[in-house]
$ cat my_file.cif   # mmCIF, C-alpha atoms
data_protein
loop_
_atom_site.label_atom_id
_atom_site.label_comp_id
_atom_site.auth_asym_id
_atom_site.auth_seq_id
_atom_site.Cartn_x
_atom_site.Cartn_y
_atom_site.Cartn_z
CA MET A 1 -4.90 -41.71 37.49
CA THR A 2 -4.96 -43.48 40.84
CA THR A 3 -6.63 -46.85 41.21
CA THR A 4 -7.90 -47.59 44.71
CA THR A 5 -7.72 -51.24 45.67
CA ILE A 6 -9.67 -52.94 48.40
CA ASN A 7 -9.23 -56.37 49.93
CA TRP A 8 -10.30 -58.55 52.82
CA GLY A 9 -8.04 -56.61 55.15
CA ASP A 10 -10.46 -53.66 54.93
CA LEU A 11 -13.97 -54.85 55.79
CA GLU A 12 -15.32 -51.32 56.06
CA GLY A 13 -14.05 -50.56 52.57
CA LEU A 14 -15.59 -53.73 51.22
CA VAL A 15 -18.95 -52.90 52.80
CA ASP A 16 -18.92 -49.39 51.32
CA ALA A 17 -18.13 -50.79 47.87
CA LEU A 18 -20.72 -53.56 48.12
CA ARG A 19 -23.45 -51.13 49.19
CA ALA A 20 -22.64 -48.86 46.27
CA ALA A 21 -22.49 -51.68 43.74
CA HIS A 22 -25.47 -53.70 45.01
CA PRO A 23 -27.93 -51.37 46.76
CA ARG A 24 -30.86 -53.78 46.50
CA VAL A 25 -29.10 -56.92 47.72
CA ASP A 26 -30.04 -58.34 51.13
CA PRO A 27 -26.78 -59.82 52.48
CA ARG A 28 -28.71 -61.93 54.98
CA ALA A 29 -30.05 -63.98 52.09
CA LEU A 30 -26.59 -64.81 50.74
CA ASP A 31 -24.35 -67.66 51.82
CA ASP A 32 -20.58 -67.22 52.13
CA ALA A 33 -19.90 -68.39 48.57
CA GLU A 34 -22.43 -65.94 47.14
CA LEU A 35 -20.96 -63.10 49.18
CA GLY A 36 -17.52 -64.09 47.94
CA VAL A 37 -18.64 -63.80 44.32
CA LEU A 38 -19.93 -60.27 44.92
CA VAL A 39 -16.68 -59.27 46.65
CA GLU A 40 -14.51 -60.67 43.87
CA GLY A 41 -16.58 -58.82 41.31
CA LEU A 42 -16.04 -55.43 42.91
CA GLU A 43 -14.11 -52.88 40.92
CA GLY A 44 -10.78 -52.44 42.65
CA PHE A 45 -10.89 -55.68 44.59
CA SER A 46 -7.45 -57.16 44.93
CA ALA A 47 -7.26 -60.90 45.32
CA SER A 48 -3.59 -60.56 46.15
CA GLY A 49 -4.48 -59.08 49.52
CA PRO A 50 -5.17 -61.13 52.64
CA ALA A 51 -7.57 -64.04 52.23
CA ALA A 52 -10.90 -63.98 54.04
CA GLY A 53 -10.32 -65.30 57.53
CA PRO A 54 -12.67 -67.33 59.70
CA GLY A 55 -15.74 -65.30 60.39
CA ASP A 56 -14.98 -62.54 57.89
CA TYR A 57 -18.01 -63.37 55.76
CA GLU A 58 -20.30 -63.30 58.80
CA ALA A 59 -18.77 -60.02 59.99
CA LEU A 60 -19.17 -58.53 56.50
CA ARG A 61 -22.81 -59.69 56.40
CA ALA A 62 -23.49 -58.01 59.75
CA MET A 63 -21.73 -54.76 58.86
CA TRP A 64 -23.51 -54.54 55.52
CA HIS A 65 -26.99 -55.16 56.90
CA TRP A 66 -26.79 -53.35 60.24
CA GLY A 67 -24.44 -50.53 59.33
CA ALA A 68 -22.49 -51.71 62.34
CA MET B 1 -53.37 -77.16 68.03
CA THR B 2 -49.95 -78.82 67.99
CA ALA B 3 -51.40 -82.33 67.64
CA VAL B 4 -50.09 -82.90 64.12
CA LEU B 5 -46.87 -80.99 63.64
CA ASP B 6 -43.73 -82.46 62.12
CA SER B 7 -40.19 -82.34 63.48
CA VAL B 8 -39.42 -78.91 62.01
CA THR B 9 -42.80 -77.27 62.49
CA SER B 10 -43.13 -78.24 66.11
CA PRO B 11 -40.00 -76.44 67.41
CA ALA B 12 -40.28 -73.57 64.93
CA LEU B 13 -43.89 -72.84 65.81
CA ASN B 14 -43.71 -73.79 69.47
CA GLU B 15 -46.91 -72.54 71.07
CA GLY B 16 -45.30 -71.96 74.46
CA TRP B 17 -42.80 -69.62 72.81
CA ILE B 18 -45.55 -67.94 70.76
CA ARG B 19 -47.60 -67.28 73.88
CA ALA B 20 -44.61 -66.01 75.85
CA VAL B 21 -43.43 -63.60 73.13
CA LEU B 22 -46.73 -62.46 71.68
CA PHE B 23 -49.13 -62.52 74.61
CA ASP B 24 -47.08 -62.58 77.85
CA HIS B 25 -44.50 -59.91 76.85
CA ALA B 26 -41.58 -62.11 77.90
CA ILE B 27 -39.02 -60.17 75.89
CA ASP B 28 -40.05 -56.62 76.80
CA ASP B 29 -36.91 -56.09 78.87
CA TRP B 30 -34.66 -56.70 75.85
CA VAL B 31 -35.07 -53.08 74.81
CA ASP B 32 -33.15 -51.99 77.91
CA LEU B 33 -30.17 -54.25 77.15
CA GLY B 34 -28.48 -52.10 74.52
CA PRO B 35 -25.33 -50.53 76.01
CA ASP B 36 -25.41 -47.44 73.78
CA PRO B 37 -27.90 -45.64 71.51
CA ILE B 38 -27.06 -47.52 68.29
CA ARG B 39 -27.27 -50.87 70.05
CA ARG B 40 -30.59 -49.91 71.68
CA ARG B 41 -31.83 -49.22 68.16
CA HIS B 42 -30.52 -52.62 67.07
CA VAL B 43 -32.18 -54.40 69.97
CA GLY B 44 -35.41 -52.55 69.26
CA GLN B 45 -35.34 -53.94 65.72
CA ILE B 46 -34.49 -57.42 67.02
CA TYR B 47 -37.39 -57.21 69.49
CA ALA B 48 -39.75 -56.17 66.69
CA ASP B 49 -38.50 -59.01 64.50
CA HIS B 50 -39.22 -61.54 67.26
CA ILE B 51 -42.73 -60.17 67.74
CA GLY B 52 -43.19 -60.39 63.98
CA ALA B 53 -41.95 -63.97 63.91
CA ALA B 54 -44.23 -65.03 66.74
CA TYR B 55 -47.20 -63.36 65.05
CA ALA B 56 -46.40 -65.01 61.71
CA ALA B 57 -46.15 -68.37 63.44
CA TRP B 58 -49.40 -67.93 65.36
CA LYS B 59 -51.32 -66.64 62.34
CA TRP B 60 -50.06 -69.51 60.20
CA LEU B 61 -51.19 -72.03 62.82
CA SER B 62 -54.50 -70.25 63.45
CA ASP B 63 -55.34 -69.98 59.75
CA ARG B 64 -54.81 -73.69 59.26
CA ALA B 65 -56.86 -74.60 62.31
CA GLY B 66 -59.60 -72.07 61.51
CA THR B 67 -59.24 -70.54 64.98
CA ASP B 68 -59.07 -66.98 66.29
CA VAL B 69 -55.61 -65.42 66.02
CA ASP B 70 -56.47 -63.03 68.87
CA SER B 71 -56.88 -65.83 71.41
CA PRO B 72 -53.59 -66.91 73.00
CA PRO B 73 -52.56 -70.55 73.00
CA ALA B 74 -52.80 -72.35 76.31
CA ALA B 75 -49.94 -71.92 78.76
CA GLN B 76 -47.34 -74.62 78.26
CA ALA B 77 -43.66 -75.36 78.73
CA VAL B 78 -41.14 -73.59 76.52
CA PRO B 79 -38.08 -75.47 75.18
CA ASP B 80 -35.02 -74.71 77.31
CA ALA B 81 -33.14 -72.91 74.52
CA LEU B 82 -36.03 -70.52 73.88
CA ALA B 83 -36.63 -69.99 77.60
CA LEU B 84 -32.95 -69.10 78.03
CA GLU B 85 -33.14 -66.78 75.03
CA MET B 86 -36.17 -64.94 76.39
CA GLY B 87 -34.59 -64.70 79.84
CA VAL B 88 -31.33 -62.99 78.91
CA THR B 89 -30.29 -60.27 81.34
CA ASP B 90 -27.55 -58.34 79.56
CA TRP B 91 -26.08 -57.55 76.14
CA THR B 92 -23.53 -60.39 76.32
CA GLU B 93 -26.19 -63.01 77.01
CA LEU B 94 -28.41 -61.60 74.28
CA MET B 95 -25.59 -61.85 71.74
CA VAL B 96 -24.86 -65.45 72.72
CA ALA B 97 -28.56 -66.31 72.51
CA LEU B 98 -28.89 -64.80 69.04
CA LEU B 99 -25.72 -66.56 67.86
CA THR B 100 -26.98 -69.97 69.01
CA ALA B 101 -30.75 -70.29 69.61
CA GLY B 102 -31.65 -67.43 67.29
CA ARG B 103 -29.58 -68.96 64.50
CA ALA B 104 -31.36 -72.28 65.07
CA GLN B 105 -34.76 -70.59 64.87
CA GLY B 106 -33.68 -68.88 61.66
CA LEU B 107 -32.77 -72.21 60.10
CA LEU B 108 -36.08 -73.72 61.21
CA PHE B 109 -38.07 -70.83 59.74
CA ALA B 110 -36.05 -70.98 56.52
CA GLU B 111 -36.81 -74.69 56.31
CA LEU B 112 -40.51 -73.95 56.63
CA ALA B 113 -40.23 -71.26 53.96
CA ALA B 114 -38.50 -73.67 51.63
CA GLY B 115 -41.40 -76.05 52.12
CA ASP B 116 -39.17 -79.07 52.49
CA THR B 117 -41.16 -80.56 55.31
CA VAL B 118 -44.63 -79.09 55.08
CA PRO B 119 -46.97 -78.75 52.13
CA ILE B 120 -46.96 -75.26 50.67
CA GLU B 121 -50.40 -73.91 49.96
CA ASP B 122 -50.03 -71.26 47.27
CA GLY B 123 -46.70 -70.18 48.73
CA ALA B 124 -48.19 -69.45 52.16
CA ALA B 125 -45.24 -70.85 54.09
CA ARG B 126 -42.74 -68.97 51.94
CA ARG B 127 -44.64 -65.71 52.40
CA ALA B 128 -44.93 -66.26 56.13
CA PHE B 129 -41.41 -67.39 56.95
CA ASP B 130 -38.89 -66.38 54.27
CA ARG B 131 -38.33 -62.92 55.72
CA VAL B 132 -38.40 -64.25 59.27
CA GLY B 133 -35.59 -66.66 58.44
CA ARG B 134 -33.51 -63.82 57.00
CA ASP B 135 -34.24 -61.61 60.02
CA TYR B 136 -32.90 -64.22 62.42
CA ALA B 137 -29.86 -64.87 60.21
CA GLY B 138 -29.14 -61.14 60.43
CA HIS B 139 -29.43 -61.21 64.24
CA ALA B 140 -26.95 -64.08 64.39
CA ALA B 141 -24.50 -62.21 62.16
CA LEU B 142 -24.70 -59.12 64.38
CA ALA B 143 -24.14 -61.29 67.43
CA PHE B 144 -20.99 -62.78 65.89
CA LEU B 145 -19.67 -59.32 65.03
CA GLU B 146 -20.32 -58.06 68.55
CA LEU B 147 -18.60 -61.07 70.10
CA ARG B 148 -15.67 -60.69 67.72
CA ARG B 149 -15.23 -57.00 68.45
CA GLY B 150 -15.60 -57.58 72.16
CA THR B 151 -16.25 -53.93 72.97
CA PHE B 152 -19.54 -54.44 74.78
CA VAL B 153 -19.39 -58.13 75.68
CA ASP B 154 -17.71 -59.84 78.60
CA ARG B 155 -15.82 -62.91 77.38
CA ALA B 156 -16.16 -64.88 80.63
CA ARG B 157 -19.91 -64.24 80.74
CA ALA B 158 -20.17 -65.14 77.06
CA GLU B 159 -18.45 -68.47 77.66
CA SER B 160 -20.70 -69.18 80.61
CA ALA B 161 -23.76 -68.37 78.50
CA LEU B 162 -22.49 -70.58 75.65
CA GLN B 163 -22.18 -73.48 78.07
CA ARG B 164 -25.92 -73.15 78.75
CA MET B 165 -27.12 -72.16 75.30
CA VAL B 166 -25.22 -74.63 73.10
CA PRO B 167 -26.54 -77.87 74.62
CA ALA B 168 -30.04 -76.42 74.99
CA THR B 169 -30.07 -75.35 71.35
CA ALA B 170 -28.67 -78.69 70.20
CA ALA B 171 -31.63 -80.30 71.96
CA LEU B 172 -34.04 -77.88 70.26
CA VAL B 173 -32.85 -78.78 66.76
CA GLY B 174 -32.20 -82.46 67.48
CA GLY B 175 -34.10 -84.63 65.03
CA THR B 176 -35.29 -81.71 62.92
CA GLY B 177 -32.91 -82.23 60.03
CA VAL B 178 -31.38 -78.77 60.48
CA ASP B 179 -29.19 -79.87 63.38
CA SER B 180 -26.12 -80.58 61.25
CA ARG B 181 -26.52 -77.27 59.41
CA TRP B 182 -26.75 -75.46 62.74
CA SER B 183 -23.65 -77.05 64.22
CA GLY B 184 -21.79 -76.91 60.91
CA ARG B 185 -22.40 -73.17 60.70
CA LEU B 186 -21.73 -72.45 64.37
CA GLU B 187 -18.55 -74.49 64.82
CA PRO B 188 -16.21 -72.43 62.58
CA LEU B 189 -17.64 -69.17 63.91
CA LEU B 190 -17.01 -70.23 67.50
CA ALA B 191 -13.53 -71.40 66.49
CA ALA B 192 -12.87 -67.95 65.03
CA LEU B 193 -13.79 -66.55 68.44
CA GLY B 194 -11.49 -69.00 70.23
CA TRP B 195 -14.11 -71.47 71.44
CA ASP B 196 -14.50 -75.16 70.64
CA LEU B 197 -18.10 -76.21 70.02
CA THR B 198 -17.35 -79.77 71.10
CA ASN B 199 -16.07 -78.60 74.50
CA LEU B 200 -19.00 -76.38 75.40
#

$ encode --input "my_file.cif" --output "structure tokens"
Amino acid sequence: MTTTTINWGDLEGLVDALRAAHPRVDPRALDDAELGVLVEGLEGFSASGPAAGPGDYEALRAMWHWGA
Amino acid sequence: MTAVLDSVTSPALNEGWIRAVLFDHAIDDWVDLGPDPIRRRHVGQIYADHIGAAYAAWKWLSDRAGTDVDSPPAAQAVPDALALEMGVTDWTELMVALLTAGRAQGLLFAELAAGDTVPIEDGAARRAFDRVGRDYAGHAALAFLELRRGTFVDRARAESALQRMVPATAALVGGTGVDSRWSGRLEPLLAALGWDLTNL
């Protein structure tokens, strides 16, 4: 069995996982800390990957909401 | 109607801006600014959100004054930041305006929704402005992403626009109580893009 891991180096992967796990959440209503909690709670999220860089939370918020 | 408005309400519900957006069609040209189909769809949504915000603001003021929501407010000056925002001429300028002035408006609307500075009557302010605050926060996030990707923005034009928008927006939020939240949020995002808020 293969376990797929995702981390902050793959924003598109994070957005896909967040949408699947939290389809009713409005990311515009969440601050960075709240977004971070959702990311860390994702199945397959690897905290050993790259840390969130400056602006990553804002980019994630935009990609999640706008499908951009 | 603006005779008794506090430091948050006055800039958030500026009647010059309401008139310009809602009655004088000052942002009609935004719809042409999208450089490709998906971004024209985005800007169409952003345009609709601004019309919705202006209507919410005008209805909230009109309901409290007992006046007709269909009658436009008198012509009056618009704060520089909002005039610059309405007058953007390309995608780069629009993104800078949403990142700066739009973010400030979002914070002002969110403050009204939270009811920190105005009395809430049966949740009226929350109902009127909670979604508007989130809409503008979403615009600002998209603007950051577009500036970070750089595909459809010109960095030199963005910097030039920031040099106009940042001081104008700082003046808009000055004394409102959201000014430190605005600059505190904007500074690390600009730094991530290679700009220094204090040097703009």

$ atom_distance --input "my_file.cif" --atom1 "atom CA of B:Val166" --atom2 "atom CA of B:Thr198"
9.6 Å

$ closest_atom_pairs --input "my_file.cif" --of "chain B" --to "chain A" --cutoff "9 Å" --atoms "all atoms listed in the file" --output "tab-separated table"
residue	atom	partner	partner_atom	distance
B:Ile38	CA	A:Ala68	CA	8.6
B:His42	CA	A:Trp66	CA	7.8
B:Gly133	CA	A:Ala29	CA	8.8
B:Arg134	CA	A:Arg28	CA	5.5
B:Asp135	CA	A:Arg28	CA	7.5
B:Tyr136	CA	A:Arg28	CA	8.8
B:Ala137	CA	A:Arg28	CA	6.1
B:Gly138	CA	A:Arg28	CA	5.5
B:His139	CA	A:Ala62	CA	8.1
B:Ala140	CA	A:Ala62	CA	8.4
B:Ala141	CA	A:Ala62	CA	4.9
B:Leu142	CA	A:Ala62	CA	4.9
B:Ala143	CA	A:Ala62	CA	8.4
B:Phe144	CA	A:Ala59	CA	6.9
B:Leu145	CA	A:Ala59	CA	5.2
B:Glu146	CA	A:Ala59	CA	8.9
B:Arg148	CA	A:Ala59	CA	8.4
B:Pro188	CA	A:Pro54	CA	6.8
B:Leu189	CA	A:Gly55	CA	5.6
B:Leu190	CA	A:Gly55	CA	8.7
B:Ala191	CA	A:Pro54	CA	8.0
B:Ala192	CA	A:Pro54	CA	5.4
B:Leu193	CA	A:Gly55	CA	8.4

$ resolve_selection --input "my_file.cif" --expression "the PyMOL selection byres ((chain A and resi 14-20) around 8)" --output "count of residues only"
16

$ atom_distance --input "my_file.cif" --atom1 "atom CA of B:Asp90" --atom2 "atom CA of B:Ala170"
22.4 Å

$ atom_distance --input "my_file.cif" --atom1 "atom CA of B:Val178" --atom2 "atom CA of B:Gly102"
13.2 Å

$ residues_near_point --input "my_file.cif" --point "(-26.5, -71.0, 75.6)" --cutoff "9 Å" --atoms "all atoms listed in the file" --output "ChimeraX atom specification"
/B:81,84-85,93,96-97,99-101,158-169

$ residues_near_point --input "my_file.cif" --point "(-2.1, -60.7, 47.7)" --cutoff "12 Å" --atoms "only C-alpha atoms" --output "PyMOL selection string"
chain A and resi 5-9+45-52

$ decode --input "my_file.cif" --residues "chain A" --atoms "C-alpha atoms" --output "short mmCIF file (atom, residue, chain, number, x, y, z; two decimals), in the first residue's frame"
data_model
loop_
_atom_site.label_atom_id
_atom_site.label_comp_id
_atom_site.auth_asym_id
_atom_site.auth_seq_id
_atom_site.Cartn_x
_atom_site.Cartn_y
_atom_site.Cartn_z
CA MET A 1 0.00 0.00 0.00
CA THR A 2 1.35 3.39 -1.03
CA THR A 3 0.88 6.41 1.21
CA THR A 4 0.85 9.73 -0.63
CA THR A 5 2.32 12.58 1.35
CA ILE A 6 1.74 16.26 0.76
CA ASN A 7 3.54 19.27 2.18
CA TRP A 8 3.95 23.00 1.80
CA GLY A 9 6.09 22.47 -1.27
CA ASP A 10 2.95 21.43 -3.19
CA LEU A 11 0.30 24.12 -2.82
CA GLU A 12 -1.89 22.62 -5.53
CA GLY A 13 -1.87 19.29 -3.71
CA LEU A 14 -2.73 20.97 -0.44
CA VAL A 15 -5.64 22.82 -2.03
CA ASP A 16 -7.02 19.62 -3.56
CA ALA A 17 -6.80 17.86 -0.19
CA LEU A 18 -8.32 20.77 1.72
CA ARG A 19 -11.25 21.03 -0.70
CA ALA A 20 -11.93 17.33 -0.36
CA ALA A 21 -11.66 17.33 3.42
CA HIS A 22 -13.47 20.61 4.09
CA PRO A 23 -15.95 21.29 1.27
CA ARG A 24 -18.02 23.77 3.28
CA VAL A 25 -15.17 25.88 4.66
CA ASP A 26 -14.72 29.44 3.37
CA PRO A 27 -10.94 30.00 3.43
CA ARG A 28 -11.44 33.76 3.29
CA ALA A 29 -12.85 33.61 6.80
CA LEU A 30 -9.79 31.87 8.23
CA ASP A 31 -6.62 33.51 9.49
CA ASP A 32 -3.20 31.97 8.85
CA ALA A 33 -3.18 30.04 12.13
CA GLU A 34 -6.59 28.52 11.42
CA LEU A 35 -5.52 27.55 7.91
CA GLY A 36 -2.39 25.98 9.38
CA VAL A 37 -4.47 23.80 11.70
CA LEU A 38 -6.51 22.50 8.76
CA VAL A 39 -3.35 21.77 6.75
CA GLU A 40 -1.69 19.92 9.62
CA GLY A 41 -4.81 17.85 10.10
CA LEU A 42 -4.86 16.59 6.52
CA GLU A 43 -4.34 12.90 5.99
CA GLY A 44 -0.95 12.49 4.39
CA PHE A 45 0.40 15.88 5.41
CA SER A 46 4.08 15.68 6.14
CA ALA A 47 5.43 18.22 8.58
CA SER A 48 8.94 17.14 7.66
CA GLY A 49 8.58 18.83 4.29
CA PRO A 50 9.36 22.49 3.65
CA ALA A 51 7.89 24.97 6.10
CA ALA A 52 5.28 27.46 4.92
CA GLY A 53 7.12 30.41 3.45
CA PRO A 54 6.12 34.07 3.50
CA GLY A 55 2.89 34.46 1.64
CA ASP A 56 2.13 30.75 1.34
CA TYR A 57 -0.98 31.01 3.49
CA GLU A 58 -2.29 33.91 1.41
CA ALA A 59 -1.52 32.06 -1.83
CA LEU A 60 -3.25 28.94 -0.49
CA ARG A 61 -6.28 31.01 0.52
CA ALA A 62 -6.50 32.49 -2.98
CA MET A 63 -6.06 29.17 -4.78
CA TRP A 64 -8.65 27.47 -2.59
CA HIS A 65 -11.30 30.15 -2.99
CA TRP A 66 -10.75 31.19 -6.61
CA GLY A 67 -9.65 27.89 -8.09
CA ALA A 68 -6.71 29.91 -9.36
#
